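Coordinates from input-v6.tsv are shown below (TSV, C-alpha atoms).
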```tsv
chain	number	residue	atom	x	y	z
J	20	MET	CA	96.54	42.46	-75.89
J	21	THR	CA	93.50	43.69	-73.98
J	22	ALA	CA	90.65	41.24	-72.90
J	23	ASN	CA	87.07	41.87	-74.06
J	24	PRO	CA	84.74	41.93	-71.02
J	25	LYS	CA	81.68	41.31	-73.25
J	26	ASN	CA	82.99	37.99	-74.59
J	27	ASP	CA	83.92	36.71	-71.13
J	28	THR	CA	80.42	37.37	-69.82
J	29	HIS	CA	78.82	35.42	-72.76
J	30	SER	CA	81.06	32.36	-72.14
J	31	VAL	CA	80.18	32.25	-68.45
J	32	ARG	CA	76.43	32.30	-69.23
J	33	ALA	CA	76.70	29.49	-71.86
J	34	GLY	CA	78.57	27.23	-69.44
J	35	ALA	CA	75.97	27.75	-66.73
J	36	ALA	CA	73.18	26.83	-69.14
J	37	ARG	CA	74.89	23.58	-70.14
J	38	ARG	CA	75.36	22.55	-66.52
J	39	PHE	CA	71.66	23.21	-65.82
J	40	LEU	CA	70.53	21.03	-68.73
J	41	VAL	CA	72.78	18.15	-67.69
J	42	SER	CA	71.45	18.32	-64.13
J	43	LEU	CA	67.89	18.30	-65.39
J	44	ALA	CA	68.51	15.19	-67.55
J	45	VAL	CA	70.03	13.32	-64.62
J	46	VAL	CA	67.01	14.10	-62.44
J	47	ALA	CA	64.60	12.89	-65.20
J	48	CYS	CA	66.45	9.60	-65.57
J	49	VAL	CA	66.40	8.93	-61.86
J	50	ALA	CA	62.69	9.72	-61.66
J	51	THR	CA	61.84	7.43	-64.59
J	52	GLY	CA	63.87	4.56	-63.17
J	53	GLY	CA	62.20	4.93	-59.84
J	54	TYR	CA	58.74	4.87	-61.44
J	55	PHE	CA	59.41	1.64	-63.35
J	56	LEU	CA	60.90	0.03	-60.23
J	57	TYR	CA	57.77	0.97	-58.31
J	58	GLN	CA	55.51	-0.47	-61.01
J	59	LYS	CA	57.47	-3.74	-61.12
J	60	GLN	CA	57.19	-4.20	-57.36
J	61	ALA	CA	53.51	-3.33	-57.46
J	62	TYR	CA	52.86	-5.83	-60.28
J	63	ALA	CA	54.77	-8.56	-58.41
J	64	GLN	CA	52.60	-7.99	-55.39
J	65	THR	CA	49.30	-8.05	-57.44
J	66	PRO	CA	47.67	-11.53	-57.53
J	67	SER	CA	47.11	-13.09	-61.06
J	68	GLU	CA	43.62	-13.04	-62.50
J	69	THR	CA	44.01	-16.72	-63.43
J	70	GLU	CA	44.92	-19.34	-60.87
J	71	ALA	CA	48.45	-20.52	-61.68
J	72	GLU	CA	49.23	-24.21	-62.16
J	73	PRO	CA	50.59	-25.88	-59.02
J	74	ALA	CA	54.34	-25.88	-58.87
J	75	GLY	CA	55.99	-28.83	-60.68
J	76	GLN	CA	53.05	-29.58	-63.09
J	77	PRO	CA	53.23	-28.70	-66.85
J	78	GLN	CA	50.66	-26.28	-68.25
J	79	ARG	CA	47.73	-27.87	-70.16
J	80	VAL	CA	47.23	-27.09	-73.84
J	81	SER	CA	43.75	-26.42	-75.21
J	82	VAL	CA	42.96	-28.57	-78.28
J	83	VAL	CA	39.98	-29.48	-80.46
J	84	THR	CA	39.42	-33.11	-81.47
J	85	THR	CA	37.49	-34.99	-84.16
J	86	PRO	CA	36.62	-38.69	-83.90
J	87	ALA	CA	38.25	-41.03	-86.42
J	88	ALA	CA	35.60	-42.56	-88.67
J	89	VAL	CA	35.14	-45.30	-91.25
J	90	ARG	CA	34.25	-43.75	-94.61
J	91	ASP	CA	34.53	-44.26	-98.34
J	92	PHE	CA	37.74	-43.07	-99.94
J	93	GLU	CA	38.31	-42.76	-103.66
J	94	ARG	CA	41.29	-41.88	-105.79
J	95	SER	CA	40.01	-39.75	-108.64
J	96	VAL	CA	40.80	-36.85	-110.94
J	97	MET	CA	38.47	-33.91	-111.54
J	98	VAL	CA	38.11	-32.55	-115.06
J	99	GLN	CA	35.66	-30.58	-117.16
J	100	GLY	CA	34.11	-32.05	-120.28
J	101	ASN	CA	31.44	-31.52	-122.91
J	102	VAL	CA	28.08	-33.08	-123.63
J	103	GLU	CA	27.79	-34.35	-127.20
J	104	ALA	CA	24.99	-36.01	-129.15
J	105	ARG	CA	25.74	-39.72	-129.57
J	106	ASN	CA	23.80	-39.81	-132.86
J	107	PHE	CA	23.91	-36.89	-135.27
J	108	ALA	CA	23.86	-36.39	-139.03
J	109	MET	CA	25.35	-33.71	-141.26
J	110	VAL	CA	22.85	-33.83	-144.15
J	111	SER	CA	24.05	-32.75	-147.59
J	112	PRO	CA	22.52	-33.11	-151.11
J	113	ARG	CA	23.03	-36.41	-152.89
J	114	ILE	CA	23.28	-34.70	-156.27
J	115	PRO	CA	24.66	-31.26	-157.19
J	116	GLY	CA	22.23	-28.49	-158.02
J	117	THR	CA	20.46	-25.39	-156.79
J	118	ILE	CA	18.71	-25.71	-153.43
J	119	GLU	CA	15.10	-24.94	-154.32
J	120	ALA	CA	13.48	-25.22	-150.87
J	121	ILE	CA	14.27	-26.02	-147.24
J	122	PHE	CA	11.27	-27.40	-145.37
J	123	VAL	CA	12.54	-27.24	-141.75
J	124	ASP	CA	14.19	-24.70	-139.47
J	125	GLU	CA	16.49	-24.88	-136.45
J	126	GLY	CA	14.81	-26.48	-133.46
J	127	ASP	CA	12.23	-28.41	-135.47
J	128	ALA	CA	11.63	-32.05	-134.54
J	129	VAL	CA	12.14	-34.57	-137.35
J	130	VAL	CA	11.30	-38.27	-137.80
J	131	ALA	CA	13.66	-40.65	-139.57
J	132	GLY	CA	12.56	-41.51	-143.12
J	133	GLU	CA	9.47	-39.31	-142.94
J	134	THR	CA	10.29	-35.65	-142.51
J	135	LYS	CA	11.33	-33.85	-145.71
J	136	LEU	CA	14.32	-31.58	-145.17
J	137	PHE	CA	15.10	-29.84	-148.46
J	138	GLN	CA	14.83	-30.16	-152.23
J	139	THR	CA	17.55	-29.72	-154.89
J	140	ASP	CA	16.97	-28.88	-158.58
J	141	ALA	CA	13.81	-31.02	-158.92
J	142	ALA	CA	12.51	-29.32	-162.10
J	143	ASN	CA	15.58	-30.21	-164.16
J	144	LEU	CA	15.55	-33.74	-162.83
J	145	GLU	CA	11.90	-34.18	-163.79
J	146	ARG	CA	12.71	-33.15	-167.35
J	147	ALA	CA	15.69	-35.51	-167.39
J	148	LEU	CA	13.39	-38.29	-166.22
J	149	GLN	CA	10.94	-37.60	-169.04
J	150	ILE	CA	13.77	-37.75	-171.59
J	151	LYS	CA	14.92	-41.10	-170.19
J	152	GLN	CA	11.36	-42.42	-170.29
J	153	GLN	CA	11.08	-41.51	-173.96
J	154	ALA	CA	14.48	-43.02	-174.73
J	155	THR	CA	13.40	-46.23	-173.06
J	156	THR	CA	10.25	-46.32	-175.17
J	157	VAL	CA	12.31	-45.85	-178.37
J	158	ALA	CA	14.74	-48.58	-177.27
J	159	GLY	CA	11.81	-50.92	-176.69
J	160	CYS	CA	10.50	-50.25	-180.18
J	161	ALA	CA	13.92	-50.91	-181.69
J	162	THR	CA	14.07	-54.22	-179.89
J	163	ARG	CA	10.68	-55.28	-181.18
J	164	GLU	CA	11.70	-54.27	-184.70
J	165	ALA	CA	14.88	-56.33	-184.48
J	166	VAL	CA	12.94	-59.33	-183.21
J	167	ALA	CA	10.44	-59.03	-186.07
J	168	ASN	CA	13.25	-58.81	-188.61
J	169	LEU	CA	14.84	-61.89	-187.05
J	170	ASP	CA	11.54	-63.80	-187.36
J	171	LYS	CA	11.26	-62.86	-191.09
J	172	THR	CA	14.90	-63.82	-191.69
J	173	ARG	CA	14.36	-67.20	-190.07
J	174	VAL	CA	11.37	-67.88	-192.37
J	175	ASP	CA	13.41	-66.96	-195.47
J	176	PHE	CA	16.31	-69.03	-194.26
J	177	HIS	CA	14.04	-72.04	-193.70
J	178	LYS	CA	12.78	-71.82	-197.30
J	179	ALA	CA	16.32	-71.43	-198.63
J	180	GLU	CA	17.42	-74.43	-196.61
J	181	LEU	CA	14.65	-76.60	-198.12
J	182	ASP	CA	15.51	-75.47	-201.67
J	183	TYR	CA	19.20	-76.11	-201.07
J	184	ASN	CA	18.61	-79.65	-199.80
J	185	ARG	CA	16.25	-80.44	-202.77
J	186	PHE	CA	18.70	-79.10	-205.38
J	187	LYS	CA	21.50	-80.99	-203.66
J	188	ARG	CA	19.63	-84.30	-204.15
J	189	LEU	CA	18.80	-83.43	-207.74
J	190	TYR	CA	22.38	-82.44	-208.46
J	191	GLU	CA	23.60	-85.76	-207.07
J	192	LYS	CA	21.22	-87.48	-209.55
J	193	GLN	CA	22.44	-85.10	-212.25
J	194	ALA	CA	18.88	-83.83	-212.69
J	195	VAL	CA	19.97	-80.13	-212.47
J	196	THR	CA	22.97	-78.31	-213.73
J	197	ALA	CA	25.85	-77.38	-211.52
J	198	ASP	CA	25.09	-73.65	-212.03
J	199	ALA	CA	21.51	-74.05	-210.72
J	200	PHE	CA	22.74	-75.96	-207.67
J	201	GLU	CA	25.42	-73.37	-206.96
J	202	ARG	CA	22.87	-70.51	-207.08
J	203	GLN	CA	20.69	-72.29	-204.49
J	204	GLU	CA	23.74	-73.00	-202.34
J	205	SER	CA	24.78	-69.31	-202.48
J	206	ARG	CA	21.28	-68.14	-201.54
J	207	TYR	CA	21.23	-70.60	-198.63
J	208	GLN	CA	24.57	-69.31	-197.28
J	209	GLN	CA	23.53	-65.65	-197.67
J	210	LEU	CA	20.33	-66.18	-195.68
J	211	GLN	CA	22.31	-68.08	-193.05
J	212	ALA	CA	24.56	-64.98	-192.62
J	213	ILE	CA	21.51	-62.67	-192.62
J	214	ARG	CA	19.96	-64.77	-189.85
J	215	THR	CA	23.15	-64.46	-187.76
J	216	LEU	CA	23.13	-60.69	-188.34
J	217	ALA	CA	19.48	-60.46	-187.34
J	218	GLU	CA	20.18	-62.39	-184.13
J	219	ALA	CA	23.04	-59.98	-183.34
J	220	GLN	CA	20.79	-57.00	-184.00
J	221	VAL	CA	18.23	-58.39	-181.57
J	222	GLU	CA	20.92	-58.77	-178.92
J	223	LEU	CA	22.14	-55.21	-179.56
J	224	ALA	CA	18.63	-53.77	-179.38
J	225	THR	CA	17.92	-55.70	-176.19
J	226	ALA	CA	21.16	-54.43	-174.60
J	227	ARG	CA	20.30	-50.85	-175.60
J	228	GLU	CA	16.85	-51.24	-174.10
J	229	ASP	CA	18.35	-52.59	-170.87
J	230	GLN	CA	20.80	-49.67	-170.83
J	231	SER	CA	17.97	-47.22	-171.32
J	232	LYS	CA	15.99	-48.85	-168.52
J	233	THR	CA	19.00	-48.52	-166.20
J	234	GLU	CA	19.35	-44.86	-167.11
J	235	LEU	CA	15.65	-44.44	-166.42
J	236	GLU	CA	16.09	-46.00	-162.97
J	237	ILE	CA	18.99	-43.61	-162.30
J	238	ALA	CA	16.87	-40.67	-163.40
J	239	ASN	CA	14.09	-41.86	-161.09
J	240	LYS	CA	16.61	-42.19	-158.26
J	241	ASP	CA	18.03	-38.73	-158.95
J	242	LEU	CA	14.54	-37.25	-158.84
J	243	ALA	CA	13.84	-39.07	-155.60
J	244	ASP	CA	17.19	-37.88	-154.23
J	245	ALA	CA	16.27	-34.31	-155.06
J	246	THR	CA	14.03	-34.36	-151.99
J	247	ILE	CA	16.05	-35.30	-148.88
J	248	THR	CA	14.38	-36.87	-145.85
J	249	THR	CA	16.02	-37.03	-142.44
J	250	PRO	CA	18.18	-40.12	-141.82
J	251	ILE	CA	17.68	-40.02	-138.01
J	252	SER	CA	15.04	-38.81	-135.60
J	253	GLY	CA	15.86	-35.78	-133.49
J	254	ARG	CA	15.97	-32.02	-133.89
J	255	VAL	CA	17.49	-29.63	-136.40
J	256	SER	CA	20.43	-28.03	-134.60
J	257	LEU	CA	22.06	-26.12	-137.49
J	258	ARG	CA	20.90	-24.67	-140.82
J	259	LEU	CA	24.01	-24.07	-142.88
J	260	GLN	CA	22.62	-23.09	-146.32
J	261	GLU	CA	19.62	-21.25	-147.71
J	262	PRO	CA	17.41	-21.67	-150.80
J	263	GLY	CA	19.05	-20.38	-153.96
J	264	GLU	CA	22.53	-21.49	-152.95
J	265	MET	CA	24.38	-24.18	-154.85
J	266	GLY	CA	24.24	-27.53	-153.12
J	267	SER	CA	26.69	-30.34	-153.64
J	268	PRO	CA	27.42	-33.74	-152.08
J	269	GLY	CA	29.62	-33.43	-149.02
J	270	ARG	CA	28.58	-29.85	-148.25
J	271	PRO	CA	26.07	-30.00	-145.36
J	272	VAL	CA	22.83	-28.07	-145.49
J	273	LEU	CA	21.47	-29.15	-142.07
J	274	ARG	CA	22.67	-30.83	-138.91
J	275	ILE	CA	20.33	-33.20	-137.07
J	276	ASP	CA	21.02	-34.18	-133.44
J	277	ASP	CA	19.32	-36.89	-131.40
J	278	PRO	CA	19.19	-35.40	-127.86
J	279	THR	CA	17.81	-38.54	-126.21
J	280	VAL	CA	21.18	-40.29	-126.14
J	281	VAL	CA	24.22	-38.16	-125.30
J	282	GLU	CA	27.89	-38.74	-124.66
J	283	VAL	CA	29.98	-36.96	-122.07
J	284	ALA	CA	33.54	-36.49	-123.31
J	285	ALA	CA	36.64	-35.26	-121.50
J	286	PHE	CA	40.40	-35.22	-121.91
J	287	LEU	CA	42.67	-36.70	-119.22
J	288	PRO	CA	46.42	-36.25	-118.69
J	289	ALA	CA	48.53	-38.96	-120.29
J	290	GLN	CA	49.71	-40.25	-116.88
J	291	TYR	CA	46.27	-41.82	-116.30
J	292	TYR	CA	46.11	-43.68	-119.63
J	293	GLY	CA	47.01	-47.10	-118.22
J	294	GLN	CA	44.56	-46.74	-115.32
J	295	VAL	CA	41.47	-46.29	-117.50
J	296	VAL	CA	39.76	-49.54	-118.57
J	297	THR	CA	36.94	-49.27	-121.09
J	298	GLY	CA	33.75	-50.81	-119.76
J	299	GLN	CA	35.02	-50.81	-116.15
J	300	THR	CA	36.36	-47.43	-115.00
J	301	PRO	CA	33.53	-45.27	-113.57
J	302	MET	CA	33.08	-41.53	-113.75
J	303	ARG	CA	30.71	-39.28	-111.80
J	304	VAL	CA	29.03	-36.68	-113.99
J	305	ALA	CA	27.11	-33.48	-113.25
J	306	VAL	CA	25.77	-31.13	-115.92
J	307	SER	CA	24.35	-27.69	-115.14
J	308	GLY	CA	23.69	-28.72	-111.56
J	309	ILE	CA	22.00	-31.97	-112.62
J	310	ASP	CA	23.63	-35.05	-111.10
J	311	LEU	CA	23.83	-37.83	-113.70
J	312	GLY	CA	25.30	-40.21	-111.13
J	313	ARG	CA	27.89	-42.87	-111.76
J	314	GLN	CA	28.56	-43.69	-115.41
J	315	ILE	CA	30.96	-46.22	-116.98
J	316	ILE	CA	33.58	-45.16	-119.51
J	317	THR	CA	32.59	-46.61	-122.89
J	318	TYR	CA	35.40	-45.16	-125.00
J	319	LYS	CA	39.10	-44.46	-124.54
J	320	SER	CA	41.12	-42.89	-127.31
J	321	PRO	CA	43.53	-45.46	-128.82
J	322	THR	CA	46.28	-42.82	-128.93
J	323	ILE	CA	47.65	-39.98	-126.80
J	324	ASN	CA	47.88	-36.54	-128.35
J	325	PRO	CA	51.64	-36.02	-128.81
J	326	LYS	CA	51.40	-32.23	-128.39
J	327	LEU	CA	48.93	-31.88	-125.53
J	328	ARG	CA	49.81	-35.21	-123.84
J	329	THR	CA	46.14	-35.94	-123.25
J	330	PHE	CA	43.68	-38.62	-124.31
J	331	GLU	CA	39.90	-38.63	-124.67
J	332	VAL	CA	37.37	-40.67	-122.69
J	333	LYS	CA	33.60	-40.85	-123.14
J	334	CYS	CA	30.55	-42.30	-121.44
J	335	VAL	CA	27.04	-42.78	-122.86
J	336	VAL	CA	24.01	-41.35	-121.02
J	337	GLN	CA	20.72	-42.93	-122.08
J	338	ASP	CA	17.48	-40.92	-121.82
J	339	ALA	CA	19.24	-37.75	-120.69
J	340	PRO	CA	16.99	-35.59	-118.47
J	341	ALA	CA	15.75	-32.20	-119.57
J	342	GLY	CA	18.49	-29.63	-119.20
J	343	VAL	CA	21.24	-31.96	-120.36
J	344	ALA	CA	21.73	-30.87	-123.95
J	345	PRO	CA	24.58	-31.28	-126.44
J	346	GLY	CA	27.09	-28.48	-126.01
J	347	ALA	CA	26.68	-28.17	-122.22
J	348	MET	CA	29.69	-28.27	-119.90
J	349	ALA	CA	30.06	-31.26	-117.57
J	350	GLN	CA	31.85	-31.61	-114.24
J	351	ILE	CA	33.50	-35.03	-114.19
J	352	ALA	CA	35.30	-37.11	-111.59
J	353	VAL	CA	37.04	-40.13	-113.07
J	354	VAL	CA	37.34	-42.68	-110.24
J	355	PHE	CA	40.35	-45.02	-110.38
J	356	GLU	CA	40.03	-46.70	-106.96
J	357	THR	CA	37.47	-46.84	-104.13
J	358	ARG	CA	37.96	-48.24	-100.60
J	359	THR	CA	36.06	-48.16	-97.30
J	360	SER	CA	38.59	-47.58	-94.49
J	361	LEU	CA	39.26	-45.78	-91.24
J	362	GLY	CA	40.16	-42.14	-91.78
J	363	VAL	CA	40.96	-38.89	-90.03
J	364	PRO	CA	40.78	-35.25	-91.14
J	365	SER	CA	43.81	-34.38	-93.26
J	366	VAL	CA	44.81	-31.56	-90.86
J	367	ALA	CA	45.30	-34.15	-88.10
J	368	ILE	CA	48.32	-35.67	-89.86
J	369	GLN	CA	51.66	-34.32	-88.62
J	370	GLU	CA	55.28	-35.07	-89.45
J	371	ARG	CA	57.43	-36.13	-86.50
J	372	GLY	CA	60.78	-37.80	-86.82
J	373	GLY	CA	60.47	-38.19	-90.55
J	374	ARG	CA	57.16	-40.03	-90.56
J	375	SER	CA	53.43	-39.32	-90.38
J	376	VAL	CA	51.77	-39.34	-86.95
J	377	VAL	CA	48.38	-38.60	-85.42
J	378	PHE	CA	47.89	-37.15	-81.94
J	379	ALA	CA	45.09	-38.92	-80.10
J	380	VAL	CA	43.72	-37.78	-76.76
J	381	GLU	CA	43.53	-40.44	-74.05
J	382	ASN	CA	42.95	-39.63	-70.35
J	383	ASP	CA	43.46	-35.89	-71.01
J	384	ALA	CA	46.94	-36.51	-72.46
J	385	ILE	CA	48.42	-36.86	-75.91
J	386	ARG	CA	49.27	-40.25	-77.41
J	387	GLN	CA	51.38	-40.09	-80.55
J	388	VAL	CA	50.31	-42.70	-83.09
J	389	PRO	CA	52.56	-43.42	-86.11
J	390	VAL	CA	50.39	-44.08	-89.19
J	391	THR	CA	50.63	-44.96	-92.85
J	392	THR	CA	48.22	-42.95	-94.96
J	393	GLY	CA	46.42	-43.81	-98.19
J	394	ILE	CA	43.83	-42.01	-100.31
J	395	GLU	CA	42.84	-38.42	-99.54
J	396	SER	CA	39.21	-37.58	-100.26
J	397	ASP	CA	36.98	-34.65	-99.28
J	398	GLY	CA	39.43	-33.35	-96.68
J	399	TRP	CA	39.91	-36.75	-95.01
J	400	LEU	CA	42.92	-39.06	-95.24
J	401	GLU	CA	42.74	-42.84	-95.21
J	402	ILE	CA	44.68	-44.64	-92.44
J	403	ARG	CA	46.20	-47.78	-93.95
J	404	GLU	CA	48.29	-48.77	-90.93
J	405	GLY	CA	48.45	-47.52	-87.35
J	406	ASP	CA	47.24	-48.24	-83.81
J	407	LEU	CA	44.11	-46.16	-84.17
J	408	LYS	CA	40.52	-47.27	-83.68
J	409	GLU	CA	37.20	-45.93	-84.88
J	410	ALA	CA	35.88	-42.98	-82.82
J	411	ALA	CA	39.36	-42.26	-81.40
J	412	ALA	CA	39.64	-38.53	-80.58
J	413	VAL	CA	42.34	-37.08	-82.83
J	414	VAL	CA	43.58	-33.52	-82.49
J	415	THR	CA	42.53	-31.26	-85.35
J	416	MET	CA	43.27	-27.87	-83.72
J	417	GLY	CA	46.28	-27.24	-81.53
J	418	GLN	CA	48.19	-30.16	-83.03
J	419	TYR	CA	51.24	-27.99	-83.67
J	420	MET	CA	51.63	-27.27	-79.92
J	421	VAL	CA	51.62	-30.81	-78.53
J	422	GLU	CA	53.92	-33.80	-78.30
J	423	ALA	CA	53.55	-37.29	-76.86
J	424	GLY	CA	52.46	-37.03	-73.22
J	425	THR	CA	51.40	-33.37	-73.34
J	426	PRO	CA	48.43	-32.78	-70.98
J	427	VAL	CA	45.53	-31.19	-72.79
J	428	THR	CA	42.14	-29.66	-72.29
J	429	VAL	CA	39.63	-30.66	-74.97
J	430	GLN	CA	37.40	-27.87	-76.17
J	431	GLU	CA	34.37	-28.04	-78.37
J	432	GLU	CA	34.82	-26.69	-81.87
J	433	ASN	CA	32.68	-23.61	-82.52
```

The structure in this file should be written as structure tokens.
Amino acid sequence: MTANPKNDTHSVRAGAARRFLVSLAVVACVATGGYFLYQKQAYAQTPSETEAEPAGQPQRVSVVTTPAAVRDFERSVMVQGNVEARNFAMVSPRIPGTIEAIFVDEGDAVVAGETKLFQTDAANLERALQIKQQATTVAGCATREAVANLDKTRVDFHKAELDYNRFKRLYEKQAVTADAFERQESRYQQLQAIRTLAEAQVELATAREDQSKTELEIANKDLADATITTPISGRVSLRLQEPGEMGSPGRPVLRIDDPTVVEVAAFLPAQYYGQVVTGQTPMRVAVSGIDLGRQIITYKSPTINPKLRTFEVKCVVQDAPAGVAPGAMAQIAVVFETRTSLGVPSVAIQERGGRSVVFAVENDAIRQVPVTTGIESDGWLEIREGDLKEAAAVVTMGQYMVEAGTPVTVQEEN
């Protein structure tokens, strides 16, 4: 076999190139290492911009403090509710019939017992009243006729009674025949029965007249009921029917609301049911930015909704200011408990060793104070127990970086 000079030359050149690249990489590594070594020595020899702490002393931690303060704490629940009219009326016709006219519109003010609201089928009721008046007149005439007949019957009976007694005496003396006496006795008994009948007819006529008078009173009442006046003072809030429609009792035509006295109603979770006492538990109410202040719950639902697990509470607001109208949304805080106690910002409370602690700054060092907390309100937490006094500086920023005894530098909060 004969060697190929061309292939040998190519192999020699490739090997030389690889050796050159390896040498170049080694030189680059040495140069880089030398540069970093130089920089490290130079940095070690450069003085720090900040004066280092003296040897053997721990570094101080910068913290921000807030003084503990005595404040009012309350345990409450925030809910939304609705404003409702305390007094309202859904006004419907008293008798069925066509609505002939409606005299008011939505927004109109009305006065109890004075303002006419609407009228139902008055023309037919007027005719019915006239018929009852005529019937009463006829019944009165029939009564007078029966009384007159009774008077005549009594006169005839009196004469028959006299004749009977006279013939009885004569018959006893045998001055008249038995047949004559018996005819007088029969006439006497007939008139006695006629008198009883006449008395009954008078009673019947009188009863019919009384019945007719009662029907007349009802017709008068129906006619009066055809025109409905408002039962309460307030304003018309809804108009539910129009003239020409058929009205009937129980189907409202108008709604009247009294806006001067409103109720604020809300629903609370069932877990608070036992903590609400009617007439005692307060609630703070605001409606449309208007603060109604502290109100007392006047109503608590006697049951809890079994599906929603909620119950309703209400308070009454007398003389509600302008802007507080039925239908508005209310922001409500139901207050279950209120105390005035020492407190700290909630962020100052830390957990150490399985219990709550507060870090207080004394003589530029941290003192760890175990505490028992109570009500949380407006970002502050009540301190029920703990060796902490009013105005004590408690750490509210940097509290996660300190322990008992840590030296600190107190900074002002921006």

My list of candidates is J:Asp241, J:Glu370, J:Asp170, J:Glu331. Which is closest to Gln138 (chain J) when distances are computed with only C-alpha atoms?
J:Asp241

Write out as a list in words which residues come within 7 Å of Arg113 (chain J) when counting only C-alpha atoms, dropping same-chain ones fewer than 2 positions away.
Ser111, Pro115, Asp244 and Pro268 of chain J

Please produce a file of the residues just selected, as a PDB file, in the coordinates of the input, where the atoms kept are C-alpha atoms.
```pdb
ATOM      1  CA  SER J 111      24.050 -32.750-147.590  1.00  0.00           C
ATOM      2  CA  PRO J 115      24.660 -31.260-157.190  1.00  0.00           C
ATOM      3  CA  ASP J 244      17.190 -37.880-154.230  1.00  0.00           C
ATOM      4  CA  PRO J 268      27.420 -33.740-152.080  1.00  0.00           C
TER       5      PRO J 268
END
```

Hey, what's within 10 Å of Lys187 (chain J) if we count only C-alpha atoms and toss same-chain stuff fewer than 3 positions away? As a PDB file with C-alpha atoms, in the frame of the given file, please?
```
ATOM      1  CA  LEU J 181      14.650 -76.600-198.120  1.00  0.00           C
ATOM      2  CA  ASP J 182      15.510 -75.470-201.670  1.00  0.00           C
ATOM      3  CA  TYR J 183      19.200 -76.110-201.070  1.00  0.00           C
ATOM      4  CA  ASN J 184      18.610 -79.650-199.800  1.00  0.00           C
ATOM      5  CA  TYR J 190      22.380 -82.440-208.460  1.00  0.00           C
ATOM      6  CA  GLU J 191      23.600 -85.760-207.070  1.00  0.00           C
ATOM      7  CA  LYS J 192      21.220 -87.480-209.550  1.00  0.00           C
ATOM      8  CA  GLN J 193      22.440 -85.100-212.250  1.00  0.00           C
ATOM      9  CA  ALA J 194      18.880 -83.830-212.690  1.00  0.00           C
ATOM     10  CA  VAL J 195      19.970 -80.130-212.470  1.00  0.00           C
ATOM     11  CA  ALA J 197      25.850 -77.380-211.520  1.00  0.00           C
ATOM     12  CA  ALA J 199      21.510 -74.050-210.720  1.00  0.00           C
ATOM     13  CA  PHE J 200      22.740 -75.960-207.670  1.00  0.00           C
ATOM     14  CA  GLU J 201      25.420 -73.370-206.960  1.00  0.00           C
ATOM     15  CA  GLN J 203      20.690 -72.290-204.490  1.00  0.00           C
ATOM     16  CA  GLU J 204      23.740 -73.000-202.340  1.00  0.00           C
TER      17      GLU J 204
END
```

Can you work out the spacing between CA of Gly372 (chain J) and CA of Ala423 (chain J) in Å, to one decimal?
12.3 Å

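Taking CA of Ala154 (chain J) and CA of Glu119 (chain J) as the two end points, the separation is 27.3 Å.
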
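The gap separating CA of Gln299 (chain J) from CA of Pro321 (chain J) is 16.2 Å, in Å to one decimal.
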
What's around region 362-369 of chain J at 10 Å? Count all atoms listed in the file, leave out sequence neighbours fewer than 4 positions away in its own chain, and write the answer as a ChimeraX atom specification.
/J:84-92,373-379,387-390,392-403,407-419

Where does region 84-150 of chain J meet region 262-266 of chain J within 8 Å, residue by residue, with the nearest atom pair and distance in Å to one decimal for each, counting only C-alpha atoms, listed by chain and rising number, as a Markdown table?
```
| residue | atom | partner | partner_atom | distance |
| --- | --- | --- | --- | --- |
| J:Ser111 | CA | J:Gly266 | CA | 7.6 |
| J:Pro112 | CA | J:Gly266 | CA | 6.2 |
| J:Ile114 | CA | J:Gly266 | CA | 7.9 |
| J:Pro115 | CA | J:Gly266 | CA | 5.5 |
| J:Gly116 | CA | J:Gly266 | CA | 5.4 |
| J:Thr117 | CA | J:Met265 | CA | 4.5 |
| J:Ile118 | CA | J:Pro262 | CA | 5.0 |
| J:Glu119 | CA | J:Pro262 | CA | 5.3 |
| J:Ala120 | CA | J:Pro262 | CA | 5.3 |
| J:Ile121 | CA | J:Pro262 | CA | 6.4 |
| J:Thr139 | CA | J:Gly266 | CA | 7.3 |
```

For the selection you just gave me, I'd like the residues written to a file as a short mmCIF file (atom, residue, chain, number, x, y, z; two decimals), in the coordinates of the input, keeping C-alpha atoms.
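Once written, part-v7.cif looks like this:
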```cif
data_model
loop_
_atom_site.label_atom_id
_atom_site.label_comp_id
_atom_site.auth_asym_id
_atom_site.auth_seq_id
_atom_site.Cartn_x
_atom_site.Cartn_y
_atom_site.Cartn_z
CA SER J 111 24.05 -32.75 -147.59
CA PRO J 112 22.52 -33.11 -151.11
CA ILE J 114 23.28 -34.70 -156.27
CA PRO J 115 24.66 -31.26 -157.19
CA GLY J 116 22.23 -28.49 -158.02
CA THR J 117 20.46 -25.39 -156.79
CA ILE J 118 18.71 -25.71 -153.43
CA GLU J 119 15.10 -24.94 -154.32
CA ALA J 120 13.48 -25.22 -150.87
CA ILE J 121 14.27 -26.02 -147.24
CA THR J 139 17.55 -29.72 -154.89
#
```

Region 307-315 of chain J, all listed atoms, 3 Å padding on each side: what axis-aligned box centre and edge lengths in Å to one decimal come out, as lines of an AutoDock Vina configuration file?
```
center_x = 26.5
center_y = -37.0
center_z = -114.0
size_x = 15.0
size_y = 24.5
size_z = 11.9
```

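Closest approach to Leu273 (chain J) among J:Val221, J:Ala289, J:Ala165, J:Leu259: J:Leu259, based on all atoms listed in the file.
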
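The closest residue to Gly346 (chain J), picked from J:Gln211, J:Gln78, J:Val306, J:Glu180 and counting only C-alpha atoms, is J:Val306.
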
Find the residues with any atom within 10 Å of (52.1, -29.3, -78.0); use all atoms listed in the file and the coordinates as given in the file, and write the answer as a VMD selection string.
chain J and resid 79 to 82 378 385 417 to 427

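Remark: for Ala245 (chain J), the closest of the candidate residues J:Ala142, J:Val129, J:Val353, J:Val123 is J:Ala142 (distances computed over all atoms listed in the file).
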